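See below for my_file_13.cif, which holds mmCIF, C-alpha atoms (C1' of nucleotides).
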```cif
data_model
#
loop_
_atom_site.label_atom_id
_atom_site.label_comp_id
_atom_site.auth_asym_id
_atom_site.auth_seq_id
_atom_site.Cartn_x
_atom_site.Cartn_y
_atom_site.Cartn_z
CA MET A 1 -9.26 33.29 -5.42
CA ALA A 2 -9.65 31.78 -8.82
CA THR A 3 -11.52 28.51 -8.85
CA ARG A 4 -10.34 26.61 -11.86
CA ALA A 5 -12.75 25.61 -14.54
CA GLU A 6 -13.89 22.00 -14.86
CA TYR A 7 -14.26 20.36 -18.20
CA SER A 8 -16.67 17.56 -18.71
CA THR A 9 -14.98 14.93 -20.81
CA ARG A 10 -15.66 11.49 -22.09
CA PRO A 11 -13.15 9.71 -19.86
CA ARG A 12 -14.52 11.43 -16.80
CA GLU A 13 -18.09 10.64 -17.64
CA ARG A 14 -17.26 7.01 -18.29
CA ILE A 15 -15.18 6.53 -15.19
CA GLY A 16 -17.73 8.30 -13.03
CA ALA A 17 -20.42 6.05 -14.43
CA ILE A 18 -18.42 2.93 -13.68
CA LEU A 19 -17.88 3.91 -10.07
CA ARG A 20 -21.47 4.93 -9.61
CA GLY A 21 -22.58 1.66 -11.14
CA GLU A 22 -21.43 -0.63 -8.37
CA ARG A 23 -20.99 -0.09 -4.68
CA ARG A 24 -17.59 -1.70 -4.42
CA PHE A 25 -13.93 -0.81 -4.56
CA PHE A 26 -12.17 -0.63 -7.90
CA THR A 27 -8.44 -0.43 -8.43
CA ALA A 28 -7.22 1.76 -11.26
CA ALA A 29 -6.53 -1.42 -13.19
CA ASP A 30 -10.09 -2.62 -12.56
CA VAL A 31 -11.51 0.58 -13.98
CA HIS A 32 -9.17 0.43 -16.93
CA ARG A 33 -10.22 -3.13 -17.62
CA VAL A 34 -13.90 -2.22 -17.55
CA LEU A 35 -13.28 0.66 -19.93
CA GLN A 36 -11.53 -1.65 -22.34
CA SER A 37 -14.38 -4.13 -22.20
CA GLN A 38 -16.62 -1.24 -23.22
CA ASP A 39 -14.28 -0.39 -26.08
CA VAL A 40 -13.56 2.98 -24.57
CA HIS A 41 -9.91 3.86 -24.90
CA VAL A 42 -8.64 5.79 -21.92
CA SER A 43 -5.06 5.68 -20.77
CA LEU A 44 -4.19 4.30 -17.38
CA SER A 45 -2.72 7.67 -16.43
CA THR A 46 -6.03 9.31 -17.06
CA VAL A 47 -7.75 6.69 -14.96
CA TYR A 48 -5.42 7.49 -12.08
CA ARG A 49 -5.82 11.21 -12.54
CA THR A 50 -9.58 10.93 -12.72
CA LEU A 51 -9.85 8.75 -9.63
CA GLU A 52 -7.66 11.17 -7.74
CA HIS A 53 -9.81 14.00 -9.02
CA LEU A 54 -12.96 12.29 -7.78
CA CYS A 55 -11.43 11.93 -4.35
CA GLU A 56 -10.61 15.61 -4.25
CA LYS A 57 -14.20 16.41 -5.12
CA ASN A 58 -15.29 14.03 -2.35
CA GLU A 59 -17.06 11.80 -4.78
CA ALA A 60 -14.87 8.82 -4.04
CA THR A 61 -12.90 7.28 -1.19
CA VAL A 62 -9.67 5.38 -1.36
CA ARG A 63 -8.74 2.28 0.50
CA ILE A 64 -5.30 0.74 0.48
CA GLU A 65 -5.51 -2.98 0.04
CA GLN A 66 -3.23 -5.47 1.73
CA SER A 67 -1.17 -5.62 -1.42
CA GLY A 68 -0.58 -1.90 -1.18
CA GLU A 69 -2.79 -1.17 -4.17
CA ALA A 70 -5.21 1.72 -3.99
CA ALA A 71 -8.88 0.94 -4.56
CA TYR A 72 -11.58 3.54 -5.09
CA MET A 73 -15.27 3.56 -4.44
CA HIS A 74 -17.97 6.03 -5.26
CA CYS A 75 -18.98 7.66 -2.02
CA GLU A 76 -21.56 10.23 -1.13
CA PRO A 77 -20.41 12.90 1.29
CA VAL A 78 -22.27 11.50 4.24
CA HIS A 79 -21.56 11.44 7.96
CA HIS A 80 -18.63 9.54 9.39
CA HIS A 81 -19.06 5.82 8.95
CA HIS A 82 -17.26 2.57 8.20
CA HIS A 83 -17.45 -0.17 5.63
CA ALA A 84 -18.50 -3.78 5.73
CA ILE A 85 -17.01 -5.49 2.70
CA CYS A 86 -18.48 -8.72 1.44
CA ARG A 87 -15.75 -11.27 0.81
CA LYS A 88 -17.81 -12.93 -1.90
CA CYS A 89 -19.20 -10.16 -4.05
CA GLY A 90 -17.15 -7.22 -2.84
CA ARG A 91 -20.23 -5.15 -2.19
CA VAL A 92 -19.77 -2.55 0.48
CA GLU A 93 -22.28 -1.59 3.14
CA ASP A 94 -22.07 1.34 5.45
CA VAL A 95 -21.83 0.82 9.16
CA ASP A 96 -22.01 3.61 11.61
CA CYS A 97 -20.22 3.75 14.88
CA THR A 98 -22.12 5.77 17.42
CA ALA A 99 -20.52 3.70 20.15
CA ILE A 100 -17.10 5.16 19.51
CA GLY A 101 -17.74 8.02 21.90
CA GLN A 102 -18.06 5.75 24.90
CA PHE A 103 -15.17 3.71 23.69
CA ALA A 104 -12.95 6.78 23.52
CA GLU A 105 -13.91 7.61 27.07
CA SER A 106 -12.94 4.24 28.46
CA LEU A 107 -9.75 4.21 26.45
CA ARG A 108 -8.71 7.44 28.05
CA ALA A 109 -9.73 6.34 31.51
CA GLN A 110 -7.92 3.05 31.24
CA GLN A 111 -4.85 3.86 29.21
CA GLY A 112 -4.63 7.64 29.11
CA PHE A 113 -4.80 7.53 25.35
CA VAL A 114 -6.71 10.43 23.82
CA LEU A 115 -8.49 9.25 20.73
CA ASP A 116 -8.82 11.64 17.82
CA GLY A 117 -9.26 9.29 14.91
CA HIS A 118 -9.86 5.71 13.96
CA SER A 119 -10.29 3.46 10.99
CA MET A 120 -12.26 0.27 10.95
CA GLU A 121 -13.18 -2.21 8.31
CA PHE A 122 -15.38 -5.23 8.55
CA PHE A 123 -15.37 -8.37 6.48
CA GLY A 124 -17.88 -11.11 6.06
CA THR A 125 -20.79 -12.18 3.94
CA CYS A 126 -23.54 -9.83 2.92
CA ALA A 127 -27.23 -10.66 3.06
CA SER A 128 -27.57 -11.49 -0.61
CA CYS A 129 -24.52 -13.74 -0.66
CA GLY A 130 -25.28 -15.47 2.62
CA MET X 1 7.77 -33.04 6.78
CA ALA X 2 11.19 -31.49 6.72
CA THR X 3 11.47 -28.38 8.82
CA ARG X 4 14.28 -26.33 7.45
CA ALA X 5 17.15 -25.27 9.65
CA GLU X 6 17.47 -21.72 10.94
CA TYR X 7 20.74 -19.91 10.98
CA SER X 8 21.41 -17.20 13.46
CA THR X 9 23.17 -14.40 11.67
CA ARG X 10 24.36 -10.93 12.41
CA PRO X 11 21.76 -9.17 10.26
CA ARG X 12 18.96 -11.10 11.89
CA GLU X 13 20.18 -10.42 15.37
CA ARG X 14 20.55 -6.73 14.68
CA ILE X 15 17.19 -6.34 13.00
CA GLY X 16 15.45 -8.34 15.69
CA ALA X 17 17.04 -6.12 18.31
CA ILE X 18 15.90 -2.97 16.55
CA LEU X 19 12.30 -4.15 16.39
CA ARG X 20 12.32 -5.32 19.96
CA GLY X 21 13.79 -2.03 21.04
CA GLU X 22 10.78 0.15 20.32
CA ARG X 23 7.09 -0.58 20.29
CA ARG X 24 6.36 1.15 17.03
CA PHE X 25 6.13 0.41 13.34
CA PHE X 26 9.23 0.51 11.17
CA THR X 27 9.32 0.47 7.40
CA ALA X 28 12.10 -1.49 5.76
CA ALA X 29 13.77 1.81 5.00
CA ASP X 30 13.49 2.84 8.67
CA VAL X 31 15.23 -0.33 9.77
CA HIS X 32 17.87 0.08 7.12
CA ARG X 33 18.50 3.63 8.24
CA VAL X 34 18.90 2.57 11.86
CA LEU X 35 21.33 -0.13 10.84
CA GLN X 36 23.39 2.38 8.93
CA SER X 37 23.47 4.72 11.89
CA GLN X 38 24.90 1.82 13.85
CA ASP X 39 27.50 1.23 11.17
CA VAL X 40 26.11 -2.19 10.49
CA HIS X 41 26.05 -2.86 6.79
CA VAL X 42 23.06 -4.94 5.75
CA SER X 43 21.48 -4.76 2.34
CA LEU X 44 17.95 -3.55 1.93
CA SER X 45 17.01 -6.90 0.41
CA THR X 46 18.11 -8.64 3.56
CA VAL X 47 16.10 -6.22 5.62
CA TYR X 48 13.00 -7.08 3.61
CA ARG X 49 13.70 -10.78 3.80
CA THR X 50 14.31 -10.66 7.49
CA LEU X 51 11.16 -8.67 8.23
CA GLU X 52 9.16 -11.11 6.19
CA HIS X 53 10.82 -13.94 8.03
CA LEU X 54 9.89 -12.43 11.39
CA CYS X 55 6.29 -12.20 10.28
CA GLU X 56 6.27 -15.84 9.32
CA LYS X 57 7.60 -16.73 12.73
CA ASN X 58 4.87 -14.59 14.27
CA GLU X 59 7.40 -12.29 15.82
CA ALA X 60 6.23 -9.26 13.88
CA THR X 61 3.08 -7.81 12.36
CA VAL X 62 2.75 -5.77 9.20
CA ARG X 63 0.64 -2.75 8.66
CA ILE X 64 0.15 -1.07 5.31
CA GLU X 65 0.45 2.67 5.65
CA GLN X 66 -1.62 5.17 3.70
CA SER X 67 1.25 5.56 1.27
CA GLY X 68 1.08 1.85 0.56
CA GLU X 69 4.37 1.21 2.33
CA ALA X 70 4.63 -1.78 4.63
CA ALA X 71 5.60 -1.13 8.24
CA TYR X 72 6.58 -3.81 10.74
CA MET X 73 6.39 -4.00 14.47
CA HIS X 74 7.65 -6.53 16.94
CA CYS X 75 4.65 -8.42 18.25
CA GLU X 76 4.23 -11.16 20.76
CA PRO X 77 1.81 -13.91 19.76
CA VAL X 78 -1.00 -12.71 21.96
CA HIS X 79 -4.76 -12.85 21.69
CA HIS X 80 -6.65 -10.91 19.06
CA HIS X 81 -6.37 -7.19 19.62
CA HIS X 82 -6.00 -3.81 17.93
CA HIS X 83 -3.58 -0.95 17.95
CA ALA X 84 -3.74 2.60 19.19
CA ILE X 85 -1.00 4.54 17.45
CA CYS X 86 0.26 7.78 18.92
CA ARG X 87 0.43 10.49 16.29
CA LYS X 88 3.28 12.18 18.09
CA CYS X 89 5.73 9.48 19.06
CA GLY X 90 4.42 6.59 17.04
CA ARG X 91 4.27 4.35 20.06
CA VAL X 92 1.68 1.62 19.78
CA GLU X 93 -0.60 0.41 22.52
CA ASP X 94 -2.77 -2.66 22.44
CA VAL X 95 -6.50 -2.35 22.65
CA ASP X 96 -8.77 -5.30 22.96
CA CYS X 97 -12.24 -5.52 21.56
CA THR X 98 -14.42 -7.79 23.59
CA ALA X 99 -17.44 -5.82 22.41
CA ILE X 100 -17.15 -7.06 18.86
CA GLY X 101 -19.32 -10.06 19.60
CA GLN X 102 -22.37 -7.96 20.38
CA PHE X 103 -21.59 -5.73 17.48
CA ALA X 104 -21.51 -8.68 15.11
CA GLU X 105 -24.89 -9.73 16.40
CA SER X 106 -26.54 -6.39 15.79
CA LEU X 107 -24.93 -6.10 12.40
CA ARG X 108 -26.49 -9.36 11.36
CA ALA X 109 -29.85 -8.49 12.85
CA GLN X 110 -29.96 -5.09 11.21
CA GLN X 111 -28.26 -5.64 7.90
CA GLY X 112 -28.03 -9.38 7.45
CA PHE X 113 -24.28 -9.09 7.20
CA VAL X 114 -22.40 -12.01 8.75
CA LEU X 115 -19.18 -10.76 10.21
CA ASP X 116 -16.14 -12.98 10.08
CA GLY X 117 -13.30 -10.52 10.33
CA HIS X 118 -12.46 -6.93 11.03
CA SER X 119 -9.56 -4.55 11.26
CA MET X 120 -9.44 -1.45 13.37
CA GLU X 121 -6.84 1.12 14.11
CA PHE X 122 -6.98 4.01 16.48
CA PHE X 123 -5.09 7.27 16.40
CA GLY X 124 -4.55 9.92 18.97
CA THR X 125 -2.14 10.96 21.66
CA CYS X 126 -0.70 8.55 24.15
CA ALA X 127 -0.45 9.22 27.87
CA SER X 128 3.19 10.23 27.84
CA CYS X 129 2.78 12.61 24.91
CA GLY X 130 -0.47 14.11 26.15
"C1'" DA H 1 -8.03 31.60 -28.22
"C1'" DT H 2 -7.46 29.67 -23.68
"C1'" DC H 3 -6.81 26.65 -20.49
"C1'" DA H 4 -8.03 22.03 -18.84
"C1'" DG H 5 -7.50 17.22 -19.87
"C1'" DT H 6 -5.28 13.35 -22.36
"C1'" DG H 7 -1.89 9.96 -24.22
"C1'" DC H 8 2.49 8.21 -24.27
"C1'" DA H 9 6.72 7.12 -22.70
"C1'" DA H 10 9.84 7.72 -19.22
"C1'" DA H 11 10.61 8.29 -14.39
"C1'" DC H 12 9.72 6.77 -9.67
"C1'" DC H 13 9.76 3.97 -5.69
"C1'" DA H 14 8.89 0.24 -2.81
"C1'" DT H 15 9.47 -4.49 -3.09
"C1'" DT H 16 11.03 -8.91 -5.15
"C1'" DT H 17 14.13 -12.06 -7.38
"C1'" DG H 18 18.18 -14.63 -9.66
"C1'" DC H 19 22.45 -16.02 -8.81
"C1'" DA H 20 27.09 -16.30 -7.26
"C1'" DA H 21 29.68 -15.55 -3.08
"C1'" DA H 22 29.78 -15.73 1.90
"C1'" DT H 23 28.30 -17.82 6.37
"C1'" DT H 24 26.53 -21.02 9.61
"C1'" DA H 25 25.98 -25.50 11.43
"C1'" DT V 1 30.72 -30.16 3.38
"C1'" DA V 2 25.89 -29.22 3.01
"C1'" DA V 3 22.43 -26.02 3.65
"C1'" DT V 4 21.07 -21.38 4.54
"C1'" DT V 5 21.68 -16.45 4.10
"C1'" DT V 6 23.51 -12.41 1.98
"C1'" DG V 7 24.70 -8.80 -1.44
"C1'" DC V 8 24.27 -6.90 -5.71
"C1'" DA V 9 22.12 -5.76 -9.61
"C1'" DA V 10 18.34 -6.36 -12.39
"C1'" DA V 11 13.47 -7.04 -12.75
"C1'" DT V 12 8.67 -5.99 -11.14
"C1'" DG V 13 4.54 -3.61 -10.57
"C1'" DG V 14 1.78 0.07 -9.14
"C1'" DT V 15 1.72 5.01 -9.52
"C1'" DT V 16 3.37 9.57 -11.06
"C1'" DT V 17 5.17 12.98 -14.20
"C1'" DG V 18 6.85 15.85 -18.32
"C1'" DC V 19 5.42 17.38 -22.35
"C1'" DA V 20 3.37 17.97 -26.70
"C1'" DC V 21 -1.25 17.43 -28.41
"C1'" DT V 22 -6.30 17.26 -28.19
"C1'" DG V 23 -10.57 18.91 -26.75
"C1'" DA V 24 -13.86 21.84 -24.02
"C1'" DT V 25 -15.53 26.41 -23.11
#
```
Output the file's structure as structure tokens, nothing else.
Amino acid sequence: MATRAEYSTRPRERIGAILRGERRFFTAADVHRVLQSQDVHVSLSTVYRTLEHLCEKNEATVRIEQSGEAAYMHCEPVHHHHHAICRKCGRVEDVDCTAIGQFAESLRAQQGFVLDGHSMEFFGTCASCG
Amino acid sequence: MATRAEYSTRPRERIGAILRGERRFFTAADVHRVLQSQDVHVSLSTVYRTLEHLCEKNEATVRIEQSGEAAYMHCEPVHHHHHAICRKCGRVEDVDCTAIGQFAESLRAQQGFVLDGHSMEFFGTCASCG
DNA sequence: ATCAGTGCAAACCATTTGCAAATTA
DNA sequence: TAATTTGCAAATGGTTTGCACTGAT
């Protein structure tokens, strides 16, 4: 099976650097705005394609905001975890959920519901904003 | 403060009945499709406006799907809880989370993050689909 | 020389809105 | 009749796509 070649380009380097720069979620428009402020001209389409590309390479995660907009964050391929998002600065901290196993058990015992997936997000104020 | 009057109309009755009929999430298009299958002509705009209206009256909740589409479910104004969504039939069961208090405590102790909100969703197979 | 990546403009799609006509109270 | 609700069509806004061109290997 042919694995397609990967070109290293300016837009990709720039966008990757932006995501790696801050541990928070960026919408495509956010990224585009940052690029413009750096006088780097990259089309919005390319921003979308690059963000999607990063997700496929497991270098970013998506989150759908309440508005329906997609927001991307740089993300190392670590173990299963969740995010605590600071309402003030937007910074994201990882939270693990080792307790889910027990929870799944009681859910099945009590409601007969067999858990096979979950998504959780936490909001509040991070240590440096508190 | 003037509370505006509320008219009871055919579209509203029909849409309310559809939501109350099944404990699952419906997109506006879903509702519109059901209406059509019942030979009830209601415009998509009215469907959107009515769903929004139900949310304002706290008779429905919204959920943003992965695609970014909004989906609505009939929902009684109960205490804070979460949803367990069956991947097979889409039926939704309520799950409460009394353990969040302790969790918040440990999150603050360990990471200095002060929790003031969270969202969780669970996926799996419900008892009748199992 | 190839093939991947980009820009641009147009296409898409869910959702919203303006406004005149229809309905409810 | 006065106020609300609806339908329709047009506008929005985020995201995707077709295609010719640019750039990387």
Practice task
Residues of chain X near chain V: apply a cut-off of 12 Å, count only C-alpha atoms (C1' of nucleotides), and supply the list as a PyMOL selection string.
Solution key: chain X and resi 4-12+41-50+53+67-69
Problem - Among the residues H:DC13, H:DC8, H:DA22, H:DA1, the one that comes closest to chain A [using all atoms listed in the file] - result: H:DC8
Practice task
Would you mind listing what lies within 10 Å of X:Leu107 as a PyMOL selection string, with all atoms listed in the file counted and same-chain residues fewer than 6 positions away left out?
Solution key: (chain A and resi 84+95) or (chain X and resi 101+113-115)
Within 10 Å of chain A: each chain H residue with its shortest pair, only C-alpha atoms (C1' of nucleotides), as a Markdown table:
```
| residue | atom | partner | partner_atom | distance |
| --- | --- | --- | --- | --- |
| H:DC3 | C1' | A:Ala5 | CA | 8.5 |
| H:DA4 | C1' | A:Tyr7 | CA | 6.5 |
| H:DG5 | C1' | A:Tyr7 | CA | 7.6 |
| H:DT6 | C1' | A:Thr46 | CA | 6.7 |
| H:DG7 | C1' | A:Ser43 | CA | 6.3 |
| H:DC8 | C1' | A:Ser43 | CA | 8.7 |
| H:DA14 | C1' | A:Gly68 | CA | 9.8 |
```
Exercise for the section: List the residues matched by the PyMOL selection byres ((chain X) within 6 of (chain A)) in the displayed structure as a PyMOL selection string, ordered by chain and then by residue number. Expected result: chain X and resi 68+112-127
Practice task
Report the distance between atom CA of A:Phe26 and atom CA of A:Asp39 in Å, rounded to one decimal place.
Solution key: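 It comes out at 18.3 Å.
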Handout entry: atom CA of A:His79 to atom CA of A:Arg91, distance in Å rounded to a single decimal
Key = 19.5 Å
Practice task
Work out how far apart atom CA of X:His82 and atom CA of X:Asp96 are and give it in Å to one decimal.
Solution key: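 Atom CA of X:Asp96 lies 5.9 Å from atom CA of X:His82.
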Emit as AutoDock Vina command-line options the padded axis-aligned box for all listed atoms of stretch 18-25 of chain V, 5 Å per side, with centre and edge lengths in Å to one decimal.
```
--center_x -4.3 --center_y 21.1 --center_z -23.4 --size_x 32.4 --size_y 20.6 --size_z 20.1
```
